[in-house]
file coords-v4.cif (mmCIF, N, CA and C atoms)
data_run
#
loop_
_atom_site.group_PDB
_atom_site.id
_atom_site.type_symbol
_atom_site.label_atom_id
_atom_site.label_comp_id
_atom_site.auth_asym_id
_atom_site.auth_seq_id
_atom_site.Cartn_x
_atom_site.Cartn_y
_atom_site.Cartn_z
ATOM 1 N N MET A 1 0.847 -1.178 0.000
ATOM 2 C CA MET A 1 0.000 0.000 0.000
ATOM 3 C C MET A 1 0.893 1.241 0.000
ATOM 4 N N ALA A 2 0.544 2.206 -0.789
ATOM 5 C CA ALA A 2 1.307 3.456 -0.851
ATOM 6 C C ALA A 2 1.133 4.245 0.438
ATOM 7 N N ARG A 3 2.196 4.923 0.830
ATOM 8 C CA ARG A 3 2.142 5.745 2.043
ATOM 9 C C ARG A 3 1.389 7.033 1.750
ATOM 10 N N SER A 4 0.617 7.440 2.733
ATOM 11 C CA SER A 4 -0.119 8.688 2.621
ATOM 12 C C SER A 4 0.844 9.860 2.702
ATOM 13 N N ARG A 5 0.572 10.893 1.986
ATOM 14 C CA ARG A 5 1.372 12.115 2.055
ATOM 15 C C ARG A 5 0.763 13.124 3.012
ATOM 16 N N PHE A 6 -0.365 12.780 3.587
ATOM 17 C CA PHE A 6 -1.059 13.695 4.483
ATOM 18 C C PHE A 6 -0.965 13.198 5.913
ATOM 19 N N VAL A 7 -0.872 14.160 6.836
ATOM 20 C CA VAL A 7 -0.970 13.849 8.259
ATOM 21 C C VAL A 7 -2.038 14.758 8.851
ATOM 22 N N TYR A 8 -2.636 14.290 9.921
ATOM 23 C CA TYR A 8 -3.728 15.007 10.560
ATOM 24 C C TYR A 8 -3.382 15.204 12.028
ATOM 25 N N THR A 9 -3.510 16.434 12.510
ATOM 26 C CA THR A 9 -3.221 16.696 13.916
ATOM 27 C C THR A 9 -4.182 15.891 14.788
ATOM 28 N N LEU A 10 -3.773 15.652 16.024
ATOM 29 C CA LEU A 10 -4.626 14.882 16.924
ATOM 30 C C LEU A 10 -5.969 15.562 17.141
ATOM 31 N N LYS A 11 -5.970 16.883 17.165
ATOM 32 C CA LYS A 11 -7.233 17.616 17.320
ATOM 33 C C LYS A 11 -8.163 17.327 16.146
ATOM 34 N N GLU A 12 -7.609 17.344 14.946
ATOM 35 C CA GLU A 12 -8.424 17.067 13.767
ATOM 36 C C GLU A 12 -8.895 15.615 13.762
ATOM 37 N N VAL A 13 -8.008 14.706 14.148
ATOM 38 C CA VAL A 13 -8.369 13.286 14.207
ATOM 39 C C VAL A 13 -9.520 13.073 15.183
ATOM 40 N N ALA A 14 -9.427 13.676 16.357
ATOM 41 C CA ALA A 14 -10.488 13.531 17.358
ATOM 42 C C ALA A 14 -11.833 13.960 16.770
ATOM 43 N N GLY A 15 -11.845 15.063 16.051
ATOM 44 C CA GLY A 15 -13.078 15.522 15.415
ATOM 45 C C GLY A 15 -13.554 14.587 14.316
ATOM 46 N N MET A 16 -12.609 14.077 13.532
ATOM 47 C CA MET A 16 -12.956 13.187 12.423
ATOM 48 C C MET A 16 -13.610 11.898 12.905
ATOM 49 N N ILE A 17 -13.118 11.375 14.037
ATOM 50 C CA ILE A 17 -13.627 10.087 14.513
ATOM 51 C C ILE A 17 -14.581 10.247 15.703
ATOM 52 N N SER A 18 -14.946 11.493 15.994
ATOM 53 C CA SER A 18 -15.902 11.809 17.072
ATOM 54 C C SER A 18 -15.477 11.226 18.418
ATOM 55 N N GLU A 19 -14.217 11.463 18.761
ATOM 56 C CA GLU A 19 -13.685 11.024 20.052
ATOM 57 C C GLU A 19 -13.174 12.232 20.814
ATOM 58 N N ASN A 20 -13.033 12.064 22.112
ATOM 59 C CA ASN A 20 -12.520 13.099 22.991
ATOM 60 C C ASN A 20 -11.030 13.310 22.711
ATOM 61 N N LEU A 21 -10.617 14.569 22.547
ATOM 62 C CA LEU A 21 -9.219 14.877 22.250
ATOM 63 C C LEU A 21 -8.287 14.339 23.326
ATOM 64 N N GLU A 22 -8.662 14.484 24.590
ATOM 65 C CA GLU A 22 -7.803 14.007 25.674
ATOM 66 C C GLU A 22 -7.602 12.498 25.602
ATOM 67 N N LEU A 23 -8.631 11.763 25.193
ATOM 68 C CA LEU A 23 -8.503 10.316 25.032
ATOM 69 C C LEU A 23 -7.544 9.996 23.889
ATOM 70 N N VAL A 24 -7.690 10.694 22.780
ATOM 71 C CA VAL A 24 -6.790 10.485 21.642
ATOM 72 C C VAL A 24 -5.351 10.788 22.052
ATOM 73 N N GLU A 25 -5.148 11.868 22.794
ATOM 74 C CA GLU A 25 -3.804 12.218 23.258
ATOM 75 C C GLU A 25 -3.243 11.135 24.171
ATOM 76 N N GLU A 26 -4.077 10.598 25.035
ATOM 77 C CA GLU A 26 -3.626 9.547 25.958
ATOM 78 C C GLU A 26 -3.244 8.277 25.200
ATOM 79 N N LEU A 27 -4.050 7.905 24.233
ATOM 80 C CA LEU A 27 -3.769 6.699 23.456
ATOM 81 C C LEU A 27 -2.490 6.832 22.638
ATOM 82 N N THR A 28 -2.207 8.024 22.157
ATOM 83 C CA THR A 28 -1.006 8.228 21.338
ATOM 84 C C THR A 28 0.211 8.608 22.169
ATOM 85 N N ALA A 29 0.037 8.779 23.478
ATOM 86 C CA ALA A 29 1.180 9.095 24.343
ATOM 87 C C ALA A 29 2.170 7.937 24.358
ATOM 88 N N ASN A 30 1.669 6.729 24.192
ATOM 89 C CA ASN A 30 2.522 5.548 24.098
ATOM 90 C C ASN A 30 2.630 5.191 22.618
ATOM 91 N N SER A 31 3.781 5.448 22.028
ATOM 92 C CA SER A 31 3.939 5.237 20.587
ATOM 93 C C SER A 31 3.800 3.768 20.201
ATOM 94 N N ASP A 32 3.853 2.849 21.162
ATOM 95 C CA ASP A 32 3.650 1.431 20.859
ATOM 96 C C ASP A 32 2.203 1.129 20.478
ATOM 97 N N ASN A 33 1.287 2.052 20.747
ATOM 98 C CA ASN A 33 -0.122 1.839 20.421
ATOM 99 C C ASN A 33 -0.425 2.042 18.942
ATOM 100 N N ILE A 34 0.482 2.676 18.217
ATOM 101 C CA ILE A 34 0.279 2.982 16.796
ATOM 102 C C ILE A 34 1.457 2.399 16.018
ATOM 103 N N THR A 35 1.198 1.843 14.853
ATOM 104 C CA THR A 35 2.249 1.263 14.029
ATOM 105 C C THR A 35 3.358 2.280 13.782
ATOM 106 N N GLU A 36 4.595 1.796 13.840
ATOM 107 C CA GLU A 36 5.751 2.676 13.647
ATOM 108 C C GLU A 36 5.645 3.429 12.319
ATOM 109 N N GLY A 37 5.898 4.716 12.378
ATOM 110 C CA GLY A 37 5.871 5.555 11.192
ATOM 111 C C GLY A 37 4.526 6.205 10.917
ATOM 112 N N GLU A 38 3.488 5.790 11.645
ATOM 113 C CA GLU A 38 2.152 6.337 11.412
ATOM 114 C C GLU A 38 1.814 7.469 12.380
ATOM 115 N N LEU A 39 2.627 7.628 13.424
ATOM 116 C CA LEU A 39 2.504 8.733 14.375
ATOM 117 C C LEU A 39 3.745 9.589 14.194
ATOM 118 N N VAL A 40 3.551 10.845 13.830
ATOM 119 C CA VAL A 40 4.696 11.723 13.554
ATOM 120 C C VAL A 40 4.632 12.961 14.437
ATOM 121 N N TYR A 41 5.795 13.517 14.669
ATOM 122 C CA TYR A 41 5.899 14.758 15.434
ATOM 123 C C TYR A 41 6.120 15.892 14.448
ATOM 124 N N VAL A 42 5.370 16.964 14.621
ATOM 125 C CA VAL A 42 5.401 18.088 13.694
ATOM 126 C C VAL A 42 5.887 19.326 14.434
ATOM 127 N N ARG A 43 6.892 19.972 13.882
ATOM 128 C CA ARG A 43 7.344 21.242 14.443
ATOM 129 C C ARG A 43 6.356 22.310 14.021
ATOM 130 N N ASP A 44 5.846 23.020 15.019
ATOM 131 C CA ASP A 44 4.863 24.059 14.725
ATOM 132 C C ASP A 44 5.247 25.406 15.317
ATOM 133 N N GLY A 45 6.500 25.535 15.713
ATOM 134 C CA GLY A 45 6.965 26.785 16.298
ATOM 135 C C GLY A 45 6.863 26.818 17.807
ATOM 136 N N SER A 46 6.103 25.894 18.378
ATOM 137 C CA SER A 46 6.010 25.833 19.838
ATOM 138 C C SER A 46 7.182 25.007 20.371
ATOM 139 N N GLU A 47 7.364 25.060 21.670
ATOM 140 C CA GLU A 47 8.484 24.339 22.278
ATOM 141 C C GLU A 47 8.362 22.823 22.083
ATOM 142 N N ASP A 48 7.139 22.301 22.192
ATOM 143 C CA ASP A 48 6.935 20.859 22.122
ATOM 144 C C ASP A 48 6.494 20.349 20.754
ATOM 145 N N GLY A 49 6.046 21.229 19.877
ATOM 146 C CA GLY A 49 5.499 20.781 18.608
ATOM 147 C C GLY A 49 4.154 20.113 18.828
ATOM 148 N N THR A 50 3.731 19.317 17.871
ATOM 149 C CA THR A 50 2.457 18.610 17.990
ATOM 150 C C THR A 50 2.596 17.244 17.351
ATOM 151 N N LYS A 51 1.673 16.376 17.643
ATOM 152 C CA LYS A 51 1.654 15.045 17.047
ATOM 153 C C LYS A 51 0.607 15.021 15.945
ATOM 154 N N ALA A 52 0.850 14.150 14.981
ATOM 155 C CA ALA A 52 -0.107 13.966 13.897
ATOM 156 C C ALA A 52 -0.103 12.496 13.496
ATOM 157 N N LEU A 53 -1.185 12.072 12.896
ATOM 158 C CA LEU A 53 -1.324 10.697 12.429
ATOM 159 C C LEU A 53 -1.514 10.670 10.922
ATOM 160 N N THR A 54 -0.978 9.631 10.302
ATOM 161 C CA THR A 54 -1.271 9.376 8.897
ATOM 162 C C THR A 54 -2.654 8.729 8.818
ATOM 163 N N GLU A 55 -3.142 8.513 7.609
ATOM 164 C CA GLU A 55 -4.433 7.836 7.456
ATOM 165 C C GLU A 55 -4.373 6.430 8.051
ATOM 166 N N ASN A 56 -3.244 5.734 7.856
ATOM 167 C CA ASN A 56 -3.095 4.400 8.447
ATOM 168 C C ASN A 56 -3.052 4.490 9.966
ATOM 169 N N GLY A 57 -2.446 5.539 10.488
ATOM 170 C CA GLY A 57 -2.407 5.751 11.928
ATOM 171 C C GLY A 57 -3.796 5.969 12.502
ATOM 172 N N ILE A 58 -4.643 6.668 11.756
ATOM 173 C CA ILE A 58 -6.029 6.873 12.192
ATOM 174 C C ILE A 58 -6.752 5.529 12.239
ATOM 175 N N ASP A 59 -6.521 4.688 11.236
ATOM 176 C CA ASP A 59 -7.116 3.346 11.240
ATOM 177 C C ASP A 59 -6.635 2.550 12.451
ATOM 178 N N ASP A 60 -5.325 2.623 12.737
ATOM 179 C CA ASP A 60 -4.772 1.941 13.916
ATOM 180 C C ASP A 60 -5.469 2.419 15.184
ATOM 181 N N LEU A 61 -5.636 3.728 15.305
ATOM 182 C CA LEU A 61 -6.269 4.309 16.485
ATOM 183 C C LEU A 61 -7.710 3.822 16.625
ATOM 184 N N GLN A 62 -8.453 3.827 15.538
ATOM 185 C CA GLN A 62 -9.843 3.374 15.590
ATOM 186 C C GLN A 62 -9.922 1.889 15.953
ATOM 187 N N ASN A 63 -9.005 1.087 15.418
ATOM 188 C CA ASN A 63 -8.983 -0.335 15.755
ATOM 189 C C ASN A 63 -8.643 -0.539 17.225
ATOM 190 N N LEU A 64 -7.699 0.233 17.735
ATOM 191 C CA LEU A 64 -7.331 0.146 19.144
ATOM 192 C C LEU A 64 -8.517 0.519 20.029
ATOM 193 N N LEU A 65 -9.200 1.602 19.695
ATOM 194 C CA LEU A 65 -10.374 2.020 20.466
ATOM 195 C C LEU A 65 -11.456 0.938 20.458
ATOM 196 N N ALA A 66 -11.701 0.356 19.301
ATOM 197 C CA ALA A 66 -12.709 -0.709 19.208
ATOM 198 C C ALA A 66 -12.302 -1.898 20.064
ATOM 199 N N ASP A 67 -11.018 -2.230 20.043
ATOM 200 C CA ASP A 67 -10.514 -3.342 20.841
ATOM 201 C C ASP A 67 -10.650 -3.049 22.334
ATOM 202 N N ILE A 68 -10.221 -1.868 22.757
ATOM 203 C CA ILE A 68 -10.292 -1.495 24.175
ATOM 204 C C ILE A 68 -11.726 -1.547 24.677
ATOM 205 N N ARG A 69 -12.657 -1.154 23.843
ATOM 206 C CA ARG A 69 -14.067 -1.147 24.265
ATOM 207 C C ARG A 69 -14.611 -2.552 24.507
ATOM 208 N N THR A 70 -13.926 -3.591 24.023
ATOM 209 C CA THR A 70 -14.355 -4.970 24.275
ATOM 210 C C THR A 70 -13.777 -5.518 25.572
ATOM 211 N N TRP A 71 -12.791 -4.848 26.152
ATOM 212 C CA TRP A 71 -12.153 -5.317 27.383
ATOM 213 C C TRP A 71 -13.087 -5.109 28.567
ATOM 214 N N ASP A 72 -12.886 -5.924 29.612
ATOM 215 C CA ASP A 72 -13.599 -5.692 30.868
ATOM 216 C C ASP A 72 -13.235 -4.307 31.382
ATOM 217 N N GLY A 73 -14.225 -3.480 31.612
ATOM 218 C CA GLY A 73 -13.991 -2.120 32.097
ATOM 219 C C GLY A 73 -13.787 -1.109 30.988
ATOM 220 N N GLY A 74 -13.544 -1.557 29.772
ATOM 221 C CA GLY A 74 -13.430 -0.687 28.607
ATOM 222 C C GLY A 74 -12.450 0.459 28.742
ATOM 223 N N ILE A 75 -12.852 1.606 28.218
ATOM 224 C CA ILE A 75 -12.000 2.795 28.190
ATOM 225 C C ILE A 75 -11.612 3.218 29.600
ATOM 226 N N ARG A 76 -12.571 3.189 30.511
ATOM 227 C CA ARG A 76 -12.273 3.618 31.886
ATOM 228 C C ARG A 76 -11.150 2.780 32.485
ATOM 229 N N GLN A 77 -11.230 1.460 32.332
ATOM 230 C CA GLN A 77 -10.198 0.594 32.898
ATOM 231 C C GLN A 77 -8.852 0.824 32.215
ATOM 232 N N PHE A 78 -8.874 1.078 30.913
ATOM 233 C CA PHE A 78 -7.632 1.392 30.205
ATOM 234 C C PHE A 78 -6.977 2.621 30.822
ATOM 235 N N LEU A 79 -7.767 3.661 31.064
ATOM 236 C CA LEU A 79 -7.231 4.895 31.639
ATOM 237 C C LEU A 79 -6.694 4.664 33.047
ATOM 238 N N VAL A 80 -7.381 3.848 33.829
ATOM 239 C CA VAL A 80 -6.892 3.509 35.172
ATOM 240 C C VAL A 80 -5.564 2.763 35.058
ATOM 241 N N ASP A 81 -5.508 1.780 34.172
ATOM 242 C CA ASP A 81 -4.284 0.994 33.980
ATOM 243 C C ASP A 81 -3.117 1.856 33.520
ATOM 244 N N GLU A 82 -3.409 2.880 32.725
ATOM 245 C CA GLU A 82 -2.365 3.780 32.222
ATOM 246 C C GLU A 82 -2.009 4.861 33.237
ATOM 247 N N GLN A 83 -2.656 4.822 34.394
ATOM 248 C CA GLN A 83 -2.423 5.769 35.479
ATOM 249 C C GLN A 83 -2.645 7.214 35.037
ATOM 250 N N CYS A 84 -3.762 7.416 34.358
ATOM 251 C CA CYS A 84 -4.133 8.752 33.892
ATOM 252 C C CYS A 84 -4.538 9.631 35.064
ATOM 253 N N ASP A 85 -4.536 10.908 34.814
ATOM 254 C CA ASP A 85 -5.013 11.885 35.784
ATOM 255 C C ASP A 85 -6.444 11.512 36.176
ATOM 256 N N PRO A 86 -6.706 11.346 37.476
ATOM 257 C CA PRO A 86 -8.054 10.951 37.915
ATOM 258 C C PRO A 86 -9.160 11.875 37.413
ATOM 259 N N GLU A 87 -8.869 13.150 37.203
ATOM 260 C CA GLU A 87 -9.888 14.069 36.686
ATOM 261 C C GLU A 87 -10.284 13.713 35.262
ATOM 262 N N MET A 88 -9.365 13.108 34.515
ATOM 263 C CA MET A 88 -9.667 12.715 33.144
ATOM 264 C C MET A 88 -10.611 11.515 33.129
ATOM 265 N N ILE A 89 -10.451 10.651 34.103
ATOM 266 C CA ILE A 89 -11.252 9.434 34.165
ATOM 267 C C ILE A 89 -12.646 9.804 34.601
#
call {"tool": "encode", "arguments": {"input": "coords-v4.cif", "output": "structure tokens"}}
result
Amino acid sequence: MARSRFVYTLKEVAGMISENLELVEELTANSDNITEGELVYVRDGSEDGTKALTENGIDDLQNLLADIRTWDGGIRQFLVDEQCDPEMI
């Protein structure tokens, strides 16, 4: 499959797939959750830059979300296991 030439910021991805931005950020905080090369860091003039996903990365994210939702406890348990900020949970 040809590589996509487009990347989408996490904010745009969250809107595209109708998910909470903070959840998308949490899922992509661990780069092992997305296939190598599908999560990229973009320099945007800020100190930290921003993350973006390719189209394949978006598919990976959606598949991961669907998988997590089948687990006992679903998204909430995932966030607890990842030791997320309790206010986020």
call {"tool": "closest_residue", "arguments": {"input": "coords-v4.cif", "among": "A:Thr54, A:Asn33, A:Ser46, A:Ser18", "to": "Asp67 of chain A", "atoms": "only C-alpha atoms"}}
result
A:Asn33
call {"tool": "select_by_dssp", "arguments": {"input": "coords-v4.cif", "residues": "chain A", "states": "alpha helix (DSSP H)", "output": "PyMOL selection string"}}
result
chain A and resi 10-16+21-29+55-68+74-81
call {"tool": "resolve_selection", "arguments": {"input": "coords-v4.cif", "expression": "the PyMOL selection byres ((chain A and resi 41) around 8)", "output": "list in words"}}
result
Glu38, Leu39, Val40, Val42, Arg43, Asp44, Asp48, Gly49, Thr50, Lys51, Ala52 and Leu53 of chain A
call {"tool": "atom_distance", "arguments": {"input": "coords-v4.cif", "atom1": "atom CA of Phe6 of chain A", "atom2": "atom C of Glu22 of chain A"}}
result
22.1 Å
call {"tool": "atom_distance", "arguments": {"input": "coords-v4.cif", "atom1": "atom CA of Leu21 of chain A", "atom2": "atom CA of Gly37 of chain A"}}
result
20.9 Å
call {"tool": "residues_near_point", "arguments": {"input": "coords-v4.cif", "point": "(-11.3, 12.6, 17.6)", "cutoff": "10 Å", "atoms": "only C-alpha atoms", "output": "list in words"}}
result
Thr9, Leu10, Lys11, Glu12, Val13, Ala14, Gly15, Met16, Ile17, Ser18, Glu19, Asn20, Leu21, Glu22, Leu23, Val24, Glu25, Ile58, Leu61 and Gln62 of chain A
call {"tool": "write_last_selection", "arguments": {"input": "coords-v4.cif", "atoms": "N, CA and C atoms", "output": "PDB file, in the frame of the given file"}}
result
ATOM      1  N   THR A   9      -3.510  16.434  12.510  1.00  0.00           N
ATOM      2  CA  THR A   9      -3.221  16.696  13.916  1.00  0.00           C
ATOM      3  C   THR A   9      -4.182  15.891  14.788  1.00  0.00           C
ATOM      4  N   LEU A  10      -3.773  15.652  16.024  1.00  0.00           N
ATOM      5  CA  LEU A  10      -4.626  14.882  16.924  1.00  0.00           C
ATOM      6  C   LEU A  10      -5.969  15.562  17.141  1.00  0.00           C
ATOM      7  N   LYS A  11      -5.970  16.883  17.165  1.00  0.00           N
ATOM      8  CA  LYS A  11      -7.233  17.616  17.320  1.00  0.00           C
ATOM      9  C   LYS A  11      -8.163  17.327  16.146  1.00  0.00           C
ATOM     10  N   GLU A  12      -7.609  17.344  14.946  1.00  0.00           N
ATOM     11  CA  GLU A  12      -8.424  17.067  13.767  1.00  0.00           C
ATOM     12  C   GLU A  12      -8.895  15.615  13.762  1.00  0.00           C
ATOM     13  N   VAL A  13      -8.008  14.706  14.148  1.00  0.00           N
ATOM     14  CA  VAL A  13      -8.369  13.286  14.207  1.00  0.00           C
ATOM     15  C   VAL A  13      -9.520  13.073  15.183  1.00  0.00           C
ATOM     16  N   ALA A  14      -9.427  13.676  16.357  1.00  0.00           N
ATOM     17  CA  ALA A  14     -10.488  13.531  17.358  1.00  0.00           C
ATOM     18  C   ALA A  14     -11.833  13.960  16.770  1.00  0.00           C
ATOM     19  N   GLY A  15     -11.845  15.063  16.051  1.00  0.00           N
ATOM     20  CA  GLY A  15     -13.078  15.522  15.415  1.00  0.00           C
ATOM     21  C   GLY A  15     -13.554  14.587  14.316  1.00  0.00           C
ATOM     22  N   MET A  16     -12.609  14.077  13.532  1.00  0.00           N
ATOM     23  CA  MET A  16     -12.956  13.187  12.423  1.00  0.00           C
ATOM     24  C   MET A  16     -13.610  11.898  12.905  1.00  0.00           C
ATOM     25  N   ILE A  17     -13.118  11.375  14.037  1.00  0.00           N
ATOM     26  CA  ILE A  17     -13.627  10.087  14.513  1.00  0.00           C
ATOM     27  C   ILE A  17     -14.581  10.247  15.703  1.00  0.00           C
ATOM     28  N   SER A  18     -14.946  11.493  15.994  1.00  0.00           N
ATOM     29  CA  SER A  18     -15.902  11.809  17.072  1.00  0.00           C
ATOM     30  C   SER A  18     -15.477  11.226  18.418  1.00  0.00           C
ATOM     31  N   GLU A  19     -14.217  11.463  18.761  1.00  0.00           N
ATOM     32  CA  GLU A  19     -13.685  11.024  20.052  1.00  0.00           C
ATOM     33  C   GLU A  19     -13.174  12.232  20.814  1.00  0.00           C
ATOM     34  N   ASN A  20     -13.033  12.064  22.112  1.00  0.00           N
ATOM     35  CA  ASN A  20     -12.520  13.099  22.991  1.00  0.00           C
ATOM     36  C   ASN A  20     -11.030  13.310  22.711  1.00  0.00           C
ATOM     37  N   LEU A  21     -10.617  14.569  22.547  1.00  0.00           N
ATOM     38  CA  LEU A  21      -9.219  14.877  22.250  1.00  0.00           C
ATOM     39  C   LEU A  21      -8.287  14.339  23.326  1.00  0.00           C
ATOM     40  N   GLU A  22      -8.662  14.484  24.590  1.00  0.00           N
ATOM     41  CA  GLU A  22      -7.803  14.007  25.674  1.00  0.00           C
ATOM     42  C   GLU A  22      -7.602  12.498  25.602  1.00  0.00           C
ATOM     43  N   LEU A  23      -8.631  11.763  25.193  1.00  0.00           N
ATOM     44  CA  LEU A  23      -8.503  10.316  25.032  1.00  0.00           C
ATOM     45  C   LEU A  23      -7.544   9.996  23.889  1.00  0.00           C
ATOM     46  N   VAL A  24      -7.690  10.694  22.780  1.00  0.00           N
ATOM     47  CA  VAL A  24      -6.790  10.485  21.642  1.00  0.00           C
ATOM     48  C   VAL A  24      -5.351  10.788  22.052  1.00  0.00           C
ATOM     49  N   GLU A  25      -5.148  11.868  22.794  1.00  0.00           N
ATOM     50  CA  GLU A  25      -3.804  12.218  23.258  1.00  0.00           C
ATOM     51  C   GLU A  25      -3.243  11.135  24.171  1.00  0.00           C
ATOM     52  N   ILE A  58      -4.643   6.668  11.756  1.00  0.00           N
ATOM     53  CA  ILE A  58      -6.029   6.873  12.192  1.00  0.00           C
ATOM     54  C   ILE A  58      -6.752   5.529  12.239  1.00  0.00           C
ATOM     55  N   LEU A  61      -5.636   3.728  15.305  1.00  0.00           N
ATOM     56  CA  LEU A  61      -6.269   4.309  16.485  1.00  0.00           C
ATOM     57  C   LEU A  61      -7.710   3.822  16.625  1.00  0.00           C
ATOM     58  N   GLN A  62      -8.453   3.827  15.538  1.00  0.00           N
ATOM     59  CA  GLN A  62      -9.843   3.374  15.590  1.00  0.00           C
ATOM     60  C   GLN A  62      -9.922   1.889  15.953  1.00  0.00           C
TER      61      GLN A  62
END
call {"tool": "closest_residue", "arguments": {"input": "coords-v4.cif", "among": "A:Val80, A:Tyr8, A:Leu64, A:Gly73", "to": "Ile34 of chain A", "atoms": "only C-alpha atoms"}}
result
A:Leu64
call {"tool": "select_by_dssp", "arguments": {"input": "coords-v4.cif", "residues": "chain A", "states": "strand (DSSP E or B)", "output": "PyMOL selection string"}}
result
chain A and resi 8-9+39-42+50-53
call {"tool": "atom_distance", "arguments": {"input": "coords-v4.cif", "atom1": "atom C of Phe78 of chain A", "atom2": "atom CA of Val7 of chain A"}}
result
25.9 Å
call {"tool": "axis_aligned_box", "arguments": {"input": "coords-v4.cif", "around": "segment 46-65 of chain A", "padding_each_side": "8 Å", "output": "AutoDock Vina command-line options"}}
result
--center_x -1.5 --center_y 12.7 --center_z 14.9 --size_x 35.9 --size_y 42.4 --size_z 30.8
call {"tool": "closest_residue", "arguments": {"input": "coords-v4.cif", "among": "A:Glu47, A:Leu27, A:Glu82, A:Thr35", "to": "Asp60 of chain A", "atoms": "all atoms listed in the file"}}
result
A:Thr35
call {"tool": "closest_residue", "arguments": {"input": "coords-v4.cif", "among": "A:Ala29, A:Thr70, A:Gly57, A:Arg5", "to": "Cys84 of chain A", "atoms": "only C-alpha atoms"}}
result
A:Ala29
